[in-house]
Amino acid sequence: MNEFIVSARKYRPTTFESVVGQSAITTTLKNAIQNKHMAHAYLFCGPRGVGKTTCARIFAKTINCLNPTANMEPCNECESCMAFNQDRSYNIHELDAASNNSVDDIRSLIDQVRVKPQIGNYSVYIIDEVHMLTTAAFNAFLKTLEEPPQHAVFIMATTEKHKVLPTILSRCQVFTFGRITIADAAKHLEYVAKCEGVTADPEALNIIAQKADGAMRDALSIFDQIVSFSGNEITYEKAIANLNVLDYDYFFKVVDAAIDENSHTCLDIYNDVLEKGFDGQVFLSGLSKHFRDLLVSKDERTVKLIEAGDSTRAKYLEQTQKCEPWFIFDALRTLNDAEINYRSTQNKRLVVELALIGLCNLKAEKKKENDV
């Protein structure tokens, strides 16, 4: 039986070009290599799963490549690249500061720094979760970080930049990695699905990307989970069932019922949501987001702000034609008040039901105002 490799490892980028959603940073790094304007210390900061350590490894591999390509990518054929690919490179050293955060660990690293690389031009030291170093360890590291040997390059990665000492920050070039956008994550998941022979509904991939909350590694882990659940065909229905996500259709039905001033239908829909095990807070939050998406659908220039697939966007464009702007604004106010009250009340179901009845009465209240 073939050994299974999780997608987050199997499809980990090996070139700058394949890094997802960080083009500004990868372009800057490639230009620095091409123009020989490299710093001796870098700090990569940002949320988890966005490519900090991956970019550090690619950068380390590229600056030691004996025959880099014209666009500053590693050749994957020279001895240095081969050694890196086979995990036997002595040029690249990784230290996990979460478990090696003492002064002695840093002193051991400083002793290593003096040794020149055997192949290539640089010894690269990648220190992950650098914010976990103790203050004493940071202080022991300062002098070496400020005046390292010419062959040494330090790349530090952290999810909590504010915990890194200012004296360390002042000695580094700082690169801030952003969250992966839903569109970029979904596009990469589509590529992975194609490589794995998996048929995937675009709406399902979009849900996975939303659930990952900007972390590409999390998106790939969720993808593997759903493939295990549904086999080689991922549908929207299977994705929301596995991830316990509320279907968009519930919100479309609620809005249609509110437009028709049909309160009993709204209450039936909410009862169905509760029976499926969803929390009232999740329902309120999702309905508020739905009305927000209806609002941005009013203008074709802002439709792109809806984080959904093309077919769902088409539904928003269709439904928003039925809603007057005042109706959407009043609905958002009603739901916002309900979310505030939900946290403090004992009878949480009643708060949601009153909000739904309020949505169904919005048109009647507006008519009364106009008649006065």
# chains A, B, ... in the order shown; residues from 1 in each chain; ligands from 1

call {"tool": "select_by_dssp", "arguments": {"residues": "stretch 150-343 of chain A", "states": "alpha helix (DSSP H)", "output": "ChimeraX atom specification"}}
result
/A:166-169,182-196,202-212,216-230,236-243,248-259,263-275,280-296,310-320,325-343

call {"tool": "closest_atom_pairs", "arguments": {"of": "stretch 29-63 of chain A", "to": "stretch 82-91 of chain A", "cutoff": "10 Å", "atoms": "only C-alpha atoms", "output": "tab-separated table"}}
result
residue	atom	partner	partner_atom	distance
A:Arg57	CA	A:Phe84	CA	9.2
A:Ile58	CA	A:Phe84	CA	9.9
A:Ala60	CA	A:Asn91	CA	8.4
A:Lys61	CA	A:Phe84	CA	6.9

call {"tool": "residues_around", "arguments": {"residues": "A:Gly286", "least_positions_apart": "2", "cutoff": "10 Å", "atoms": "only C-alpha atoms", "output": "list in words"}}
result
Val245, Leu246, Asp247, Tyr248, Tyr250, Phe251, Gly280, Gln281, Val282, Phe283, Leu284, Ser288, Lys289, His290, Phe291 and Arg292 of chain A

call {"tool": "residues_around", "arguments": {"residues": "A:Ala212", "least_positions_apart": "3", "cutoff": "10 Å", "atoms": "only C-alpha atoms", "output": "compact mmCIF listing (two decimals) with C-alpha atoms, in the first residue's frame"}}
result
# COMPACT_ATOMS: atom_id res chain seq x y z
CA GLY A 49 -0.13 28.80 7.57
CA ILE A 180 -4.39 34.13 1.97
CA ILE A 182 -10.44 33.16 -0.30
CA ALA A 185 -6.97 29.63 -1.61
CA ASN A 206 -14.95 28.22 -1.65
CA ILE A 207 -16.46 26.95 1.62
CA ILE A 208 -13.19 25.18 2.47
CA ALA A 209 -11.24 28.39 1.77
CA ALA A 215 -4.31 29.83 6.27
CA MET A 216 -3.37 27.79 3.20
CA ARG A 217 -2.07 24.92 5.34
CA ASP A 218 -5.44 24.71 7.11
CA ALA A 219 -7.27 24.77 3.77
CA LEU A 220 -5.26 21.79 2.53
CA SER A 221 -5.85 19.90 5.78
CA ILE A 222 -9.61 20.50 5.49
CA PHE A 223 -9.45 19.40 1.84

call {"tool": "residues_around", "arguments": {"residues": "stretch 97-101 of chain A", "least_positions_apart": "6", "cutoff": "7 Å", "atoms": "only C-alpha atoms", "output": "PyMOL selection string"}}
result
chain A and resi 127-130+132-134+137

call {"tool": "write_last_selection", "arguments": {"atoms": "N, CA, C and O atoms", "output": "compact mmCIF listing (two decimals), in the first residue's frame"}}
result
# COMPACT_ATOMS: atom_id res chain seq x y z
N ILE A 127 15.08 30.37 12.13
CA ILE A 127 14.63 30.23 13.51
C ILE A 127 13.12 30.43 13.55
O ILE A 127 12.61 31.55 13.36
N ASP A 128 12.40 29.34 13.74
CA ASP A 128 10.93 29.39 13.74
C ASP A 128 10.41 29.75 15.13
O ASP A 128 11.03 29.40 16.14
N GLU A 129 9.26 30.43 15.16
CA GLU A 129 8.65 30.89 16.42
C GLU A 129 9.67 31.63 17.29
O GLU A 129 9.81 31.36 18.49
N VAL A 130 10.35 32.57 16.68
CA VAL A 130 11.46 33.27 17.37
C VAL A 130 10.99 34.03 18.60
O VAL A 130 11.77 34.28 19.53
N MET A 132 9.46 32.99 20.97
CA MET A 132 9.51 32.12 22.14
C MET A 132 10.86 32.15 22.85
O MET A 132 11.01 31.60 23.95
N LEU A 133 11.87 32.77 22.23
CA LEU A 133 13.17 32.88 22.89
C LEU A 133 13.04 33.70 24.19
O LEU A 133 12.28 34.67 24.24
N THR A 134 13.80 33.31 25.19
CA THR A 134 13.80 34.09 26.43
C THR A 134 14.54 35.41 26.21
O THR A 134 15.30 35.56 25.23
N ALA A 137 18.16 34.83 26.04
CA ALA A 137 18.57 34.25 24.76
C ALA A 137 18.63 35.31 23.67
O ALA A 137 19.56 35.33 22.85

call {"tool": "closest_residue", "arguments": {"among": "A:Gly214, A:Pro148, A:Pro166, A:Gly358", "to": "A:Gly46", "atoms": "only C-alpha atoms"}}
result
A:Gly214

call {"tool": "residues_around", "arguments": {"residues": "A:Lys348", "least_positions_apart": "4", "cutoff": "12 Å", "atoms": "only C-alpha atoms", "output": "list in words"}}
result
Leu274, Asp279, Gly280, Gln281, Phe283, Leu284, Ala338, Glu339, Ile340, Asn341, Tyr342, Arg343, Ser344, Val352, Glu353, Leu354 and Ala355 of chain A

call {"tool": "write_last_selection", "arguments": {"atoms": "N, CA, C and O atoms", "output": "PDB file, in the first residue's frame"}}
result
ATOM      1  N   LEU A 274     -32.027  24.885  14.221  1.00  0.00           N
ATOM      2  CA  LEU A 274     -31.725  24.425  15.582  1.00  0.00           C
ATOM      3  C   LEU A 274     -31.707  22.901  15.663  1.00  0.00           C
ATOM      4  O   LEU A 274     -30.862  22.307  16.341  1.00  0.00           O
ATOM      5  N   ASP A 279     -26.001  26.724  16.399  1.00  0.00           N
ATOM      6  CA  ASP A 279     -26.235  27.688  17.469  1.00  0.00           C
ATOM      7  C   ASP A 279     -26.937  28.933  16.925  1.00  0.00           C
ATOM      8  O   ASP A 279     -26.717  29.326  15.769  1.00  0.00           O
ATOM      9  N   GLY A 280     -27.769  29.557  17.766  1.00  0.00           N
ATOM     10  CA  GLY A 280     -28.479  30.762  17.345  1.00  0.00           C
ATOM     11  C   GLY A 280     -27.544  31.900  16.990  1.00  0.00           C
ATOM     12  O   GLY A 280     -27.819  32.692  16.071  1.00  0.00           O
ATOM     13  N   GLN A 281     -26.412  32.002  17.678  1.00  0.00           N
ATOM     14  CA  GLN A 281     -25.429  33.050  17.385  1.00  0.00           C
ATOM     15  C   GLN A 281     -24.869  32.884  15.976  1.00  0.00           C
ATOM     16  O   GLN A 281     -24.679  33.856  15.247  1.00  0.00           O
ATOM     17  N   PHE A 283     -26.407  31.469  13.490  1.00  0.00           N
ATOM     18  CA  PHE A 283     -27.490  31.821  12.565  1.00  0.00           C
ATOM     19  C   PHE A 283     -27.616  33.334  12.413  1.00  0.00           C
ATOM     20  O   PHE A 283     -27.706  33.853  11.293  1.00  0.00           O
ATOM     21  N   LEU A 284     -27.608  34.058  13.540  1.00  0.00           N
ATOM     22  CA  LEU A 284     -27.704  35.519  13.483  1.00  0.00           C
ATOM     23  C   LEU A 284     -26.530  36.128  12.716  1.00  0.00           C
ATOM     24  O   LEU A 284     -26.704  37.016  11.882  1.00  0.00           O
ATOM     25  N   ALA A 338     -30.153  42.307  17.872  1.00  0.00           N
ATOM     26  CA  ALA A 338     -30.397  40.931  18.342  1.00  0.00           C
ATOM     27  C   ALA A 338     -29.086  40.269  18.769  1.00  0.00           C
ATOM     28  O   ALA A 338     -29.054  39.560  19.782  1.00  0.00           O
ATOM     29  N   GLU A 339     -28.014  40.481  18.007  1.00  0.00           N
ATOM     30  CA  GLU A 339     -26.713  39.884  18.369  1.00  0.00           C
ATOM     31  C   GLU A 339     -26.212  40.434  19.697  1.00  0.00           C
ATOM     32  O   GLU A 339     -25.612  39.705  20.493  1.00  0.00           O
ATOM     33  N   ILE A 340     -26.436  41.729  19.935  1.00  0.00           N
ATOM     34  CA  ILE A 340     -26.018  42.332  21.209  1.00  0.00           C
ATOM     35  C   ILE A 340     -26.817  41.736  22.367  1.00  0.00           C
ATOM     36  O   ILE A 340     -26.257  41.358  23.410  1.00  0.00           O
ATOM     37  N   ASN A 341     -28.139  41.618  22.181  1.00  0.00           N
ATOM     38  CA  ASN A 341     -29.000  41.085  23.241  1.00  0.00           C
ATOM     39  C   ASN A 341     -28.791  39.591  23.465  1.00  0.00           C
ATOM     40  O   ASN A 341     -28.986  39.084  24.579  1.00  0.00           O
ATOM     41  N   TYR A 342     -28.389  38.885  22.410  1.00  0.00           N
ATOM     42  CA  TYR A 342     -28.228  37.424  22.482  1.00  0.00           C
ATOM     43  C   TYR A 342     -27.205  37.022  23.546  1.00  0.00           C
ATOM     44  O   TYR A 342     -27.374  36.028  24.242  1.00  0.00           O
ATOM     45  N   ARG A 343     -26.144  37.813  23.662  1.00  0.00           N
ATOM     46  CA  ARG A 343     -25.060  37.460  24.578  1.00  0.00           C
ATOM     47  C   ARG A 343     -25.488  37.562  26.043  1.00  0.00           C
ATOM     48  O   ARG A 343     -24.947  36.878  26.896  1.00  0.00           O
ATOM     49  N   SER A 344     -26.431  38.440  26.329  1.00  0.00           N
ATOM     50  CA  SER A 344     -26.774  38.713  27.733  1.00  0.00           C
ATOM     51  C   SER A 344     -28.081  38.067  28.197  1.00  0.00           C
ATOM     52  O   SER A 344     -28.350  38.014  29.392  1.00  0.00           O
ATOM     53  N   VAL A 352     -33.792  35.483  18.956  1.00  0.00           N
ATOM     54  CA  VAL A 352     -33.685  35.249  17.509  1.00  0.00           C
ATOM     55  C   VAL A 352     -35.061  35.273  16.857  1.00  0.00           C
ATOM     56  O   VAL A 352     -35.247  35.873  15.786  1.00  0.00           O
ATOM     57  N   GLU A 353     -36.029  34.642  17.502  1.00  0.00           N
ATOM     58  CA  GLU A 353     -37.380  34.602  16.926  1.00  0.00           C
ATOM     59  C   GLU A 353     -38.006  35.996  16.848  1.00  0.00           C
ATOM     60  O   GLU A 353     -38.663  36.332  15.851  1.00  0.00           O
ATOM     61  N   LEU A 354     -37.779  36.821  17.868  1.00  0.00           N
ATOM     62  CA  LEU A 354     -38.277  38.198  17.826  1.00  0.00           C
ATOM     63  C   LEU A 354     -37.619  38.990  16.692  1.00  0.00           C
ATOM     64  O   LEU A 354     -38.270  39.809  16.029  1.00  0.00           O
ATOM     65  N   ALA A 355     -36.336  38.735  16.481  1.00  0.00           N
ATOM     66  CA  ALA A 355     -35.623  39.410  15.384  1.00  0.00           C
ATOM     67  C   ALA A 355     -36.210  39.008  14.039  1.00  0.00           C
ATOM     68  O   ALA A 355     -36.410  39.857  13.145  1.00  0.00           O
TER      69      ALA A 355
END

call {"tool": "closest_residue", "arguments": {"among": "A:Arg114, A:Lys363, A:Lys30, A:Lys238", "to": "A:Thr62", "atoms": "only C-alpha atoms"}}
result
A:Lys30

call {"tool": "select_by_dssp", "arguments": {"residues": "stretch 189-361 of chain A", "states": "strand (DSSP E or B)", "output": "list in words"}}
result
Thr199, Ala200, Glu233 and Ile234 of chain A

call {"tool": "write_last_selection", "arguments": {"atoms": "N, CA and C atoms", "output": "short mmCIF file (atom, residue, chain, number, x, y, z; two decimals), in the first residue's frame"}}
result
data_model
loop_
_atom_site.label_atom_id
_atom_site.label_comp_id
_atom_site.auth_asym_id
_atom_site.auth_seq_id
_atom_site.Cartn_x
_atom_site.Cartn_y
_atom_site.Cartn_z
N THR A 199 -12.85 15.38 -8.30
CA THR A 199 -13.81 16.30 -8.89
C THR A 199 -14.40 17.16 -7.77
N ALA A 200 -14.22 18.46 -7.87
CA ALA A 200 -14.63 19.34 -6.78
C ALA A 200 -15.53 20.46 -7.29
N GLU A 233 -15.15 12.82 -5.10
CA GLU A 233 -16.11 13.80 -5.62
C GLU A 233 -16.57 14.67 -4.46
N ILE A 234 -16.13 15.92 -4.48
CA ILE A 234 -16.49 16.85 -3.40
C ILE A 234 -17.61 17.75 -3.91
#
